[in-house]
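Okay, structure18.json now, which holds JSON, C-alpha atoms:
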```json
[["chain", "number", "residue", "atom", "x", "y", "z"],
["A", 1, "TYR", "CA", -5.22, -18.72, -19.66],
["A", 2, "CYS", "CA", -3.22, -17.94, -16.53],
["A", 3, "VAL", "CA", -1.72, -14.49, -16.31],
["A", 4, "CYS", "CA", -0.41, -12.18, -13.60],
["A", 5, "GLN", "CA", 1.84, -9.14, -13.61],
["A", 6, "THR", "CA", 5.22, -10.93, -13.83],
["A", 7, "GLY", "CA", 4.27, -14.53, -14.63],
["A", 8, "THR", "CA", 5.41, -16.08, -11.36],
["A", 9, "ARG", "CA", 2.04, -16.58, -9.63],
["A", 10, "SER", "CA", 0.32, -17.52, -12.87],
["A", 11, "GLN", "CA", 2.95, -20.21, -13.51],
["A", 12, "LEU", "CA", 2.16, -21.72, -10.09],
["A", 13, "ALA", "CA", -1.56, -21.56, -10.87],
["A", 14, "ALA", "CA", -1.05, -23.18, -14.28],
["A", 15, "ASP", "CA", 1.01, -25.97, -12.70],
["A", 16, "ARG", "CA", -1.71, -26.60, -10.13],
["A", 17, "LEU", "CA", -4.40, -26.69, -12.79],
["A", 18, "ARG", "CA", -2.39, -29.16, -14.85],
["A", 19, "SER", "CA", -1.82, -31.31, -11.74],
["A", 20, "ALA", "CA", -5.57, -31.26, -11.13],
["A", 21, "GLY", "CA", -6.15, -32.76, -14.57],
["A", 22, "PHE", "CA", -6.86, -29.71, -16.71],
["A", 23, "THR", "CA", -5.30, -30.24, -20.12],
["A", 24, "HIS", "CA", -5.84, -26.98, -22.01],
["A", 25, "VAL", "CA", -3.98, -24.61, -19.68],
["A", 26, "ILE", "CA", -2.04, -21.75, -21.21],
["A", 27, "HIS", "CA", 0.42, -19.72, -19.16],
["A", 28, "VAL", "CA", 1.38, -16.25, -20.38],
["A", 29, "ASP", "CA", 5.13, -16.35, -19.81],
["A", 30, "GLY", "CA", 6.42, -13.13, -18.26],
["A", 31, "GLY", "CA", 2.91, -11.90, -17.45],
["A", 32, "THR", "CA", 1.42, -8.61, -18.44],
["A", 33, "ASN", "CA", 4.79, -6.87, -17.98],
["A", 34, "ALA", "CA", 6.34, -8.95, -20.79],
["A", 35, "TRP", "CA", 3.19, -8.59, -22.89],
["A", 36, "ALA", "CA", 3.35, -4.79, -22.64],
["A", 37, "ALA", "CA", 7.14, -4.76, -23.24],
["A", 38, "GLU", "CA", 6.55, -6.54, -26.55],
["A", 39, "GLY", "CA", 4.17, -3.77, -27.59],
["A", 40, "LEU", "CA", 1.17, -6.11, -27.70],
["A", 41, "PRO", "CA", -2.28, -4.61, -27.12],
["A", 42, "LEU", "CA", -3.15, -4.25, -23.46],
["A", 43, "VAL", "CA", -6.43, -2.93, -22.11],
["A", 44, "GLN", "CA", -6.26, -1.67, -18.56],
["A", 45, "GLY", "CA", -9.27, -0.97, -16.42],
["A", 46, "ALA", "CA", -10.07, 2.57, -15.38],
["A", 47, "ARG", "CA", -10.64, 1.59, -11.74],
["A", 48, "ASN", "CA", -8.31, 3.28, -9.33],
["A", 49, "VAL", "CA", -8.81, 1.14, -6.23],
["A", 50, "MET", "CA", -6.15, 0.46, -3.64],
["A", 51, "SER", "CA", -5.12, -3.22, -3.53],
["A", 52, "LEU", "CA", -6.78, -5.36, -0.85],
["A", 53, "GLU", "CA", -3.41, -6.01, 0.76],
["A", 54, "ARG", "CA", -2.81, -2.28, 1.11],
["A", 55, "GLN", "CA", -6.36, -1.73, 2.40],
["A", 56, "VAL", "CA", -5.71, -4.37, 5.09],
["A", 57, "ARG", "CA", -2.49, -2.65, 6.15],
["A", 58, "VAL", "CA", -4.25, 0.71, 6.41],
["A", 59, "ALA", "CA", -7.27, -0.70, 8.28],
["A", 60, "ALA", "CA", -5.15, -2.79, 10.65],
["A", 61, "GLY", "CA", -2.87, 0.14, 11.38],
["A", 62, "MET", "CA", -5.79, 2.47, 12.07],
["A", 63, "LEU", "CA", -7.45, -0.06, 14.39],
["A", 64, "VAL", "CA", -4.24, -0.63, 16.33],
["A", 65, "VAL", "CA", -3.69, 3.12, 16.76],
["A", 66, "LEU", "CA", -7.33, 3.65, 17.80],
["A", 67, "GLY", "CA", -7.10, 0.75, 20.26],
["A", 68, "VAL", "CA", -3.98, 2.17, 21.87],
["A", 69, "ILE", "CA", -5.50, 5.65, 22.06],
["A", 70, "ALA", "CA", -8.72, 4.24, 23.54],
["A", 71, "GLY", "CA", -6.74, 2.18, 26.05],
["A", 72, "ALA", "CA", -4.63, 5.14, 27.10],
["A", 73, "THR", "CA", -7.41, 7.74, 27.31],
["A", 74, "LEU", "CA", -10.77, 6.02, 27.79],
["A", 75, "HIS", "CA", -10.47, 2.56, 29.31],
["A", 76, "PRO", "CA", -7.74, -0.08, 29.48],
["A", 77, "ALA", "CA", -10.06, -2.48, 27.65],
["A", 78, "GLY", "CA", -9.30, -0.44, 24.52],
["A", 79, "TYR", "CA", -5.93, -2.18, 24.36],
["A", 80, "TRP", "CA", -7.81, -5.38, 23.51],
["A", 81, "ILE", "CA", -8.67, -3.89, 20.11],
["A", 82, "ALA", "CA", -4.98, -3.51, 19.31],
["A", 83, "ALA", "CA", -4.25, -6.98, 20.70],
["A", 84, "ALA", "CA", -7.03, -8.58, 18.64],
["A", 85, "ILE", "CA", -5.81, -6.96, 15.43],
["A", 86, "GLY", "CA", -2.24, -8.04, 16.21],
["A", 87, "ALA", "CA", -3.41, -11.61, 16.83],
["A", 88, "GLY", "CA", -5.34, -11.54, 13.56],
["A", 89, "LEU", "CA", -2.25, -10.40, 11.68],
["A", 90, "VAL", "CA", -0.18, -13.19, 13.22],
["A", 91, "TYR", "CA", -2.87, -15.71, 12.27],
["A", 92, "ALA", "CA", -2.99, -14.33, 8.72],
["A", 93, "GLY", "CA", 0.77, -14.56, 8.42],
["A", 94, "LEU", "CA", 0.90, -18.14, 9.67],
["A", 95, "THR", "CA", -2.07, -19.50, 7.72],
["A", 96, "ASN", "CA", -2.16, -17.20, 4.67],
["A", 97, "GLN", "CA", -5.86, -16.60, 5.42],
["A", 98, "CYS", "CA", -6.91, -13.08, 6.34],
["A", 99, "GLY", "CA", -10.36, -12.42, 7.75],
["A", 100, "MET", "CA", -9.99, -8.69, 7.26],
["A", 101, "THR", "CA", -9.38, -9.25, 3.54],
["A", 102, "LEU", "CA", -12.60, -11.27, 3.32],
["A", 103, "VAL", "CA", -14.51, -8.42, 4.97],
["A", 104, "LEU", "CA", -12.90, -5.65, 2.90],
["A", 105, "ALA", "CA", -13.53, -7.59, -0.33],
["A", 106, "LYS", "CA", -17.27, -7.19, 0.28],
["A", 107, "PHE", "CA", -17.13, -3.39, 0.29],
["A", 108, "PRO", "CA", -18.69, -1.73, -2.80],
["A", 109, "TRP", "CA", -15.44, -0.25, -4.15],
["A", 110, "ASN", "CA", -13.91, -3.73, -4.25],
["A", 111, "GLN", "CA", -16.74, -5.22, -6.29],
["A", 112, "GLY", "CA", -16.17, -5.75, -9.98],
["A", 113, "THR", "CA", -18.51, -4.24, -12.50],
["A", 114, "ALA", "CA", -21.05, -6.49, -14.18]]
```

Written as structure tokens, how would this file's structure read?
Amino acid sequence: YCVCQTGTRSQLAADRLRSAGFTHVIHVDGGTNAWAAEGLPLVQGARNVMSLERQVRVAAGMLVVLGVIAGATLHPAGYWIAAAIGAGLVYAGLTNQCGMTLVLAKFPWNQGTA
């Protein structure tokens, strides 16, 4: 079963799985939004964790601000922190691979329960 919130990403995943030779792939058309709109049973987790994408934006923003403050008040080398984060964001945008996401995913609040 492939499912996401609206059905768009899960359709892409289902197509890729079928292209890779998987034969019993089921795509939930419309995703969980359509499922819930039909009044079908839906169990939602009780976890209230910020999405990884949002965590990256917050962490990157904080590091850029801290780098600029450090560069302006402590030592000009502090600007390199902001520059490194900016370069990382450009790399993530171009390659769709984000190192900060990989790091944040390892934090305890982002670990699923057993």

Worksheet entry | Point-to-point distance from CA of His75 in chain A to CA of Met100 in chain A, Å rounded to tenths |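 Answer for the CA of His75 in chain A to CA of Met100 in chain A separation: 24.8 Å.
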
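The space separating CA of Leu66 in chain A from CA of Ala82 in chain A comes to 7.7 Å.
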
Worksheet item: Which of these residues is nearest to Thr101 in chain A, using all atoms listed in the file: A:Leu89, A:Leu52, A:Val64, A:Ala14?
Response: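 Residue with the minimum atom-to-atom distance to Thr101 in chain A: A:Leu52.
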
Worksheet item: Pick from A:Thr8, A:Leu104, A:Thr95, A:Ile26: nearest to Met50 in chain A, with all atoms listed in the file counted?
Response: A:Leu104

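Among the candidate residues A:Pro41, A:Gly78, A:Gly99, A:Gly30, the one lying nearest to Ala60 in chain A is A:Gly99, with distances computed using all atoms listed in the file.
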
Worksheet item: Around (-8.8, -6.1, 22.3) in the file's own coordinates, what residues are found within 12 Å if you use all atoms listed in the file, given back as a list in words?
Response: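 Taken together, the residues in range are Leu63, Val64, Val65, Leu66, Gly67, Val68, Ala70, Gly71, His75, Pro76, Ala77, Gly78, Tyr79, Trp80, Ile81, Ala82, Ala83, Ala84, Ile85, Gly86, Ala87 and Gly88 of chain A.
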
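Picture a line from CA of Val49 in chain A to CA of Trp109 in chain A; it runs 7.1 Å.
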
Hey, could you pull the box centre and edge lengths for range 52-71 of chain A, axis-aligned, 6 Å padding per side, all listed atoms, to one decimal in Å, as JSON?
```
{"center_x": -5.6, "center_y": -0.2, "center_z": 12.6, "size_x": 18.2, "size_y": 23.7, "size_z": 38.9}
```

Item to complete: Can you work out which one of A:Gln111, A:Gln5, A:Ser10, A:Ser51 has the shortest atom-to-atom distance to Trp35 in chain A, counting only C-alpha atoms?
Response: A:Gln5

Practice prompt. Tell me which of A:Leu12, A:Gln44, A:Ser19, A:Cys4 sits closest to Gly31 in chain A, counting all atoms listed in the file.
Written response: A:Cys4

File output for chain A (C-alpha atoms) as a CSV table (one decimal), in the first residue's frame:
```
chain,number,residue,atom,x,y,z
A,1,TYR,CA,0.0,0.0,0.0
A,2,CYS,CA,1.2,3.5,-0.9
A,3,VAL,CA,-0.4,6.4,0.9
A,4,CYS,CA,0.3,10.0,1.6
A,5,GLN,CA,-1.8,13.0,2.6
A,6,THR,CA,-3.2,13.9,-0.8
A,7,GLY,CA,-2.2,10.9,-3.0
A,8,THR,CA,0.3,12.7,-5.2
A,9,ARG,CA,3.6,11.5,-3.7
A,10,SER,CA,2.2,8.0,-3.1
A,11,GLN,CA,1.1,7.7,-6.7
A,12,LEU,CA,4.7,8.5,-7.8
A,13,ALA,CA,6.0,5.9,-5.3
A,14,ALA,CA,3.5,3.3,-6.6
A,15,ASP,CA,4.6,4.0,-10.2
A,16,ARG,CA,8.2,3.5,-9.2
A,17,LEU,CA,7.5,0.3,-7.4
A,18,ARG,CA,5.6,-1.1,-10.4
A,19,SER,CA,8.4,0.0,-12.7
A,20,ALA,CA,10.9,-1.9,-10.4
A,21,GLY,CA,8.9,-5.1,-10.9
A,22,PHE,CA,6.6,-5.1,-7.9
A,23,THR,CA,3.2,-6.5,-8.9
A,24,HIS,CA,1.0,-6.2,-5.9
A,25,VAL,CA,1.2,-2.4,-5.4
A,26,ILE,CA,-1.9,-0.6,-4.2
A,27,HIS,CA,-2.2,3.1,-4.3
A,28,VAL,CA,-4.7,4.8,-2.0
A,29,ASP,CA,-6.2,7.4,-4.5
A,30,GLY,CA,-6.6,10.8,-2.9
A,31,GLY,CA,-4.5,9.8,0.2
A,32,THR,CA,-5.6,10.1,3.8
A,33,ASN,CA,-7.5,13.4,3.0
A,34,ALA,CA,-9.9,11.5,0.7
A,35,TRP,CA,-10.1,8.5,3.1
A,36,ALA,CA,-11.1,10.8,6.0
A,37,ALA,CA,-13.6,12.8,3.7
A,38,GLU,CA,-15.3,9.5,3.0
A,39,GLY,CA,-15.8,8.9,6.7
A,40,LEU,CA,-13.6,5.8,6.8
A,41,PRO,CA,-11.8,4.9,10.0
A,42,LEU,CA,-8.6,6.8,10.5
A,43,VAL,CA,-6.2,6.3,13.4
A,44,GLN,CA,-3.8,9.2,13.9
A,45,GLY,CA,-0.8,9.0,16.1
A,46,ALA,CA,-0.6,11.1,19.3
A,47,ARG,CA,2.9,12.4,18.5
A,48,ASN,CA,3.1,16.1,18.2
A,49,VAL,CA,6.5,16.5,16.5
A,50,MET,CA,7.4,19.3,14.1
A,51,SER,CA,8.0,18.0,10.6
A,52,LEU,CA,11.7,17.4,9.7
A,53,GLU,CA,11.4,20.1,6.9
A,54,ARG,CA,10.3,22.6,9.5
A,55,GLN,CA,13.0,21.6,12.0
A,56,VAL,CA,15.6,22.2,9.2
A,57,ARG,CA,14.2,25.6,8.5
A,58,VAL,CA,14.3,26.5,12.2
A,59,ALA,CA,17.8,25.1,12.8
A,60,ALA,CA,19.2,26.6,9.6
A,61,GLY,CA,17.7,30.0,10.4
A,62,MET,CA,19.1,29.9,14.0
A,63,LEU,CA,22.6,29.0,12.8
A,64,VAL,CA,22.6,31.7,10.2
A,65,VAL,CA,21.5,34.3,12.8
A,66,LEU,CA,24.1,33.1,15.3
A,67,GLY,CA,26.8,33.1,12.7
A,68,VAL,CA,26.1,36.7,11.7
A,69,ILE,CA,25.9,37.8,15.4
A,70,ALA,CA,29.2,36.0,16.1
A,71,GLY,CA,30.8,37.5,13.0
A,72,ALA,CA,29.6,41.0,14.0
A,73,THR,CA,30.5,40.9,17.7
A,74,LEU,CA,33.1,38.2,18.3
A,75,HIS,CA,35.2,37.5,15.3
A,76,PRO,CA,34.8,37.8,11.5
A,77,ALA,CA,35.2,34.0,11.3
A,78,GLY,CA,31.7,33.7,12.7
A,79,TYR,CA,30.4,34.7,9.3
A,80,TRP,CA,31.7,31.3,8.0
A,81,ILE,CA,28.9,29.6,10.0
A,82,ALA,CA,26.3,31.5,8.1
A,83,ALA,CA,28.1,30.9,4.8
A,84,ALA,CA,28.4,27.2,5.5
A,85,ILE,CA,24.7,26.9,6.3
A,86,GLY,CA,23.8,28.9,3.2
A,87,ALA,CA,26.0,26.6,1.0
A,88,GLY,CA,24.4,23.6,2.6
A,89,LEU,CA,20.9,24.9,1.8
A,90,VAL,CA,21.9,25.6,-1.8
A,91,TYR,CA,23.3,22.0,-2.1
A,92,ALA,CA,20.1,20.6,-0.6
A,93,GLY,CA,18.0,22.5,-3.0
A,94,LEU,CA,20.1,21.4,-6.1
A,95,THR,CA,20.5,17.8,-5.1
A,96,ASN,CA,17.4,17.1,-3.0
A,97,GLN,CA,19.7,15.7,-0.3
A,98,CYS,CA,19.9,17.5,3.0
A,99,GLY,CA,22.6,16.6,5.5
A,100,MET,CA,20.9,18.6,8.3
A,101,THR,CA,17.8,16.4,7.8
A,102,LEU,CA,19.9,13.3,8.2
A,103,VAL,CA,21.3,14.7,11.5
A,104,LEU,CA,18.0,15.9,12.8
A,105,ALA,CA,16.3,12.5,12.0
A,106,LYS,CA,18.6,10.9,14.6
A,107,PHE,CA,17.4,13.0,17.5
A,108,PRO,CA,15.2,11.1,20.0
A,109,TRP,CA,12.0,13.1,19.3
A,110,ASN,CA,12.2,12.0,15.6
A,111,GLN,CA,12.5,8.3,16.4
A,112,GLY,CA,9.4,6.2,16.0
A,113,THR,CA,8.1,4.1,18.8
A,114,ALA,CA,8.8,0.4,18.8
```
